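What follows is a set of notes on a single structure, which appears directly below.
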Amino acid sequence: MDVTNAIDGRGLELAVAAAQASGVSRFLLVSSYPDAWRDRERSEGFENYIRVKKLADAHLVASGLDWVIVRPGTLSDEPGTGLVAADVAIPYGTVPRDDVAATLAAIIHQPKLSRVILELTSGDEPISSAIARVATR
């Protein structure tokens, strides 16, 4: 639990402070899907991880920075497809790490997507279309 608290908790706080001090205005955070592993028996360590991730999300939201929080479903090592389901609330699922990375790159190039928590799983919409759609709301 100490490692989780240091990296996902205090590490996020330090990164936000560094962004604020250096004038970086936009911050992208990969967080945790709220439904992660709810169908399994969870350990105390996992529950701590979920709690720390939620506190990190809240810290970023309160920071005054322009932020986007991405909450991917269960990460897989399958090759990315470039197709996702992405919105503020979607059913839980899995998503290849490749597609999470490609989604983050698409968000960087979509400054209109701002101050939103985006859930992400595998789906049938091209990443660029999904990000553009959510950004135009």
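We name chains A, B, ... following the order of the structure tokens; residues begin at 1 in each chain, and ligands are numbered from 1 as shown.
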
Go through segment 13-82 of chain A and flag each residue having an atom no more than 12 Å from segment 123-132 of chain A; for those, report the closest pair of atoms plus their distance in Å to one decimal, using only C-alpha atoms, ordered by chain and rising number, as a tab-separated table.
residue	atom	partner	partner_atom	distance
A:Val68	CA	A:Ile131	CA	11.4
A:Val70	CA	A:Ile131	CA	11.3
A:Gly73	CA	A:Gly123	CA	11.5
A:Gly80	CA	A:Ile127	CA	10.7
A:Thr81	CA	A:Pro126	CA	8.7
A:Gly82	CA	A:Pro126	CA	5.7

Kindly export the residues of the current selection with C-alpha atoms, as a PDB file, in the first residue's frame.
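Wrote again.pdb, looks like this:
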ATOM      1  CA  VAL A  68      -8.988  15.391 -18.498  1.00  0.00           C
ATOM      2  CA  VAL A  70      -9.300   8.963 -18.438  1.00  0.00           C
ATOM      3  CA  GLY A  73     -11.459  -0.493 -18.162  1.00  0.00           C
ATOM      4  CA  GLY A  80      -4.840  -2.099 -30.193  1.00  0.00           C
ATOM      5  CA  THR A  81      -7.616  -1.899 -32.744  1.00  0.00           C
ATOM      6  CA  GLY A  82      -8.055   1.886 -32.846  1.00  0.00           C
TER       7      GLY A  82
END

Q | alpha helix (DSSP H) positions in segment 66-122 of chain A, given as a PyMOL selection string | A | chain A and resi 97-108

Quick one: write out the picked residues with N, CA and C atoms as a PDB file, in the first residue's frame?
ATOM      1  N   ARG A  97      -3.918  -1.687 -23.936  1.00  0.00           N
ATOM      2  CA  ARG A  97      -3.054  -0.574 -23.551  1.00  0.00           C
ATOM      3  C   ARG A  97      -2.746   0.323 -24.750  1.00  0.00           C
ATOM      4  N   ASP A  98      -2.547  -0.289 -25.924  1.00  0.00           N
ATOM      5  CA  ASP A  98      -2.279   0.491 -27.140  1.00  0.00           C
ATOM      6  C   ASP A  98      -3.380   1.514 -27.396  1.00  0.00           C
ATOM      7  N   ASP A  99      -4.626   1.110 -27.198  1.00  0.00           N
ATOM      8  CA  ASP A  99      -5.747   2.019 -27.454  1.00  0.00           C
ATOM      9  C   ASP A  99      -5.856   3.107 -26.391  1.00  0.00           C
ATOM     10  N   VAL A 100      -5.435   2.803 -25.173  1.00  0.00           N
ATOM     11  CA  VAL A 100      -5.394   3.849 -24.142  1.00  0.00           C
ATOM     12  C   VAL A 100      -4.365   4.901 -24.539  1.00  0.00           C
ATOM     13  N   ALA A 101      -3.190   4.461 -24.945  1.00  0.00           N
ATOM     14  CA  ALA A 101      -2.138   5.395 -25.362  1.00  0.00           C
ATOM     15  C   ALA A 101      -2.588   6.230 -26.561  1.00  0.00           C
ATOM     16  N   ALA A 102      -3.221   5.601 -27.529  1.00  0.00           N
ATOM     17  CA  ALA A 102      -3.694   6.338 -28.709  1.00  0.00           C
ATOM     18  C   ALA A 102      -4.792   7.327 -28.336  1.00  0.00           C
ATOM     19  N   THR A 103      -5.615   6.964 -27.366  1.00  0.00           N
ATOM     20  CA  THR A 103      -6.657   7.880 -26.893  1.00  0.00           C
ATOM     21  C   THR A 103      -6.038   9.095 -26.216  1.00  0.00           C
ATOM     22  N   LEU A 104      -5.021   8.892 -25.399  1.00  0.00           N
ATOM     23  CA  LEU A 104      -4.337  10.019 -24.765  1.00  0.00           C
ATOM     24  C   LEU A 104      -3.732  10.949 -25.819  1.00  0.00           C
ATOM     25  N   ALA A 105      -3.139  10.380 -26.856  1.00  0.00           N
ATOM     26  CA  ALA A 105      -2.583  11.206 -27.934  1.00  0.00           C
ATOM     27  C   ALA A 105      -3.679  12.004 -28.629  1.00  0.00           C
ATOM     28  N   ALA A 106      -4.824  11.389 -28.850  1.00  0.00           N
ATOM     29  CA  ALA A 106      -5.943  12.097 -29.485  1.00  0.00           C
ATOM     30  C   ALA A 106      -6.453  13.228 -28.590  1.00  0.00           C
ATOM     31  N   ILE A 107      -6.481  13.000 -27.289  1.00  0.00           N
ATOM     32  CA  ILE A 107      -6.938  14.040 -26.354  1.00  0.00           C
ATOM     33  C   ILE A 107      -6.001  15.243 -26.396  1.00  0.00           C
ATOM     34  N   ILE A 108      -4.705  14.988 -26.488  1.00  0.00           N
ATOM     35  CA  ILE A 108      -3.731  16.085 -26.565  1.00  0.00           C
ATOM     36  C   ILE A 108      -4.065  17.006 -27.735  1.00  0.00           C
TER      37      ILE A 108
END

**Q.** Residue nearest Gly45 of chain A - candidates A:Val61, A:Asn5, A:Val30, A:Leu75, atoms counted: only C-alpha atoms
**A.** A:Asn5

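As for atom CA of Thr4 of chain A and atom CA of Leu113 of chain A, they are spaced 28.3 Å apart.
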
Q: From segment 97-131 of chain A, collect each residue whose DSSP state is strand (DSSP E or B) and return the set as JSON, numbers by chain.
A: {"A": [116, 117, 118, 119, 120, 121, 122, 125, 126]}

Residues just named, written with N, CA and C atoms as a PDB file, in the first residue's frame:
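Just written: out-v7.pdb:
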ATOM      1  N   VAL A 116     -13.299  16.978 -18.013  1.00  0.00           N
ATOM      2  CA  VAL A 116     -14.229  15.869 -18.164  1.00  0.00           C
ATOM      3  C   VAL A 116     -13.550  14.580 -17.704  1.00  0.00           C
ATOM      4  N   ILE A 117     -14.325  13.705 -17.111  1.00  0.00           N
ATOM      5  CA  ILE A 117     -13.871  12.361 -16.785  1.00  0.00           C
ATOM      6  C   ILE A 117     -14.415  11.449 -17.870  1.00  0.00           C
ATOM      7  N   LEU A 118     -13.516  10.754 -18.534  1.00  0.00           N
ATOM      8  CA  LEU A 118     -13.860   9.951 -19.695  1.00  0.00           C
ATOM      9  C   LEU A 118     -13.606   8.478 -19.399  1.00  0.00           C
ATOM     10  N   GLU A 119     -14.651   7.674 -19.473  1.00  0.00           N
ATOM     11  CA  GLU A 119     -14.491   6.225 -19.330  1.00  0.00           C
ATOM     12  C   GLU A 119     -14.181   5.637 -20.700  1.00  0.00           C
ATOM     13  N   LEU A 120     -13.365   4.587 -20.713  1.00  0.00           N
ATOM     14  CA  LEU A 120     -12.834   4.070 -21.974  1.00  0.00           C
ATOM     15  C   LEU A 120     -12.753   2.552 -21.947  1.00  0.00           C
ATOM     16  N   THR A 121     -13.313   1.917 -22.964  1.00  0.00           N
ATOM     17  CA  THR A 121     -13.190   0.478 -23.157  1.00  0.00           C
ATOM     18  C   THR A 121     -13.049   0.214 -24.652  1.00  0.00           C
ATOM     19  N   SER A 122     -12.881  -1.025 -25.011  1.00  0.00           N
ATOM     20  CA  SER A 122     -12.907  -1.395 -26.419  1.00  0.00           C
ATOM     21  C   SER A 122     -14.312  -1.148 -26.947  1.00  0.00           C
ATOM     22  N   GLU A 125     -16.021   2.509 -32.279  1.00  0.00           N
ATOM     23  CA  GLU A 125     -15.872   3.860 -32.817  1.00  0.00           C
ATOM     24  C   GLU A 125     -14.383   4.202 -32.919  1.00  0.00           C
ATOM     25  N   PRO A 126     -13.947   4.729 -34.056  1.00  0.00           N
ATOM     26  CA  PRO A 126     -12.545   5.143 -34.160  1.00  0.00           C
ATOM     27  C   PRO A 126     -12.198   6.151 -33.055  1.00  0.00           C
TER      28      PRO A 126
END

**Q.** Residue among A:Pro72, A:Met1, A:Asp77, A:Leu65 lying closest to Ile90 of chain A, counting only C-alpha atoms
**A.**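 Of all the options, A:Pro72 lies closest to Ile90 of chain A.
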
Q: Could you give me, as a list in words, the residues within 8 Å of Ser25 of chain A, counting only C-alpha atoms and dropping anything in the same chain fewer than 3 positions from it?
A: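 Non-adjacent residues within range: Ala19, Gln20, Leu65 and Asp66 of chain A.
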
(Q) So, with only C-alpha atoms as the atoms that count, which of A:Asp2, A:Gly9, A:Phe46, A:Thr74 lies closest to Gly93 of chain A? (A) A:Thr74

**Q.** Counting only C-alpha atoms, the residue of A:Arg115, A:Trp67, A:Tyr33, A:Glu44 that sits nearest Ala89 of chain A
**A.**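 Once distances to Ala89 of chain A are computed over only C-alpha atoms, the minimum belongs to A:Tyr33.
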
Q. Separation of atom CA of Leu12 of chain A and atom CA of Leu55 of chain A, in Å?
A.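 Separating atom CA of Leu12 of chain A from atom CA of Leu55 of chain A is a distance of 9.8 Å.
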
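In this structure, atom CA of Ser63 of chain A sits 12.0 Å away from atom CA of Val24 of chain A.
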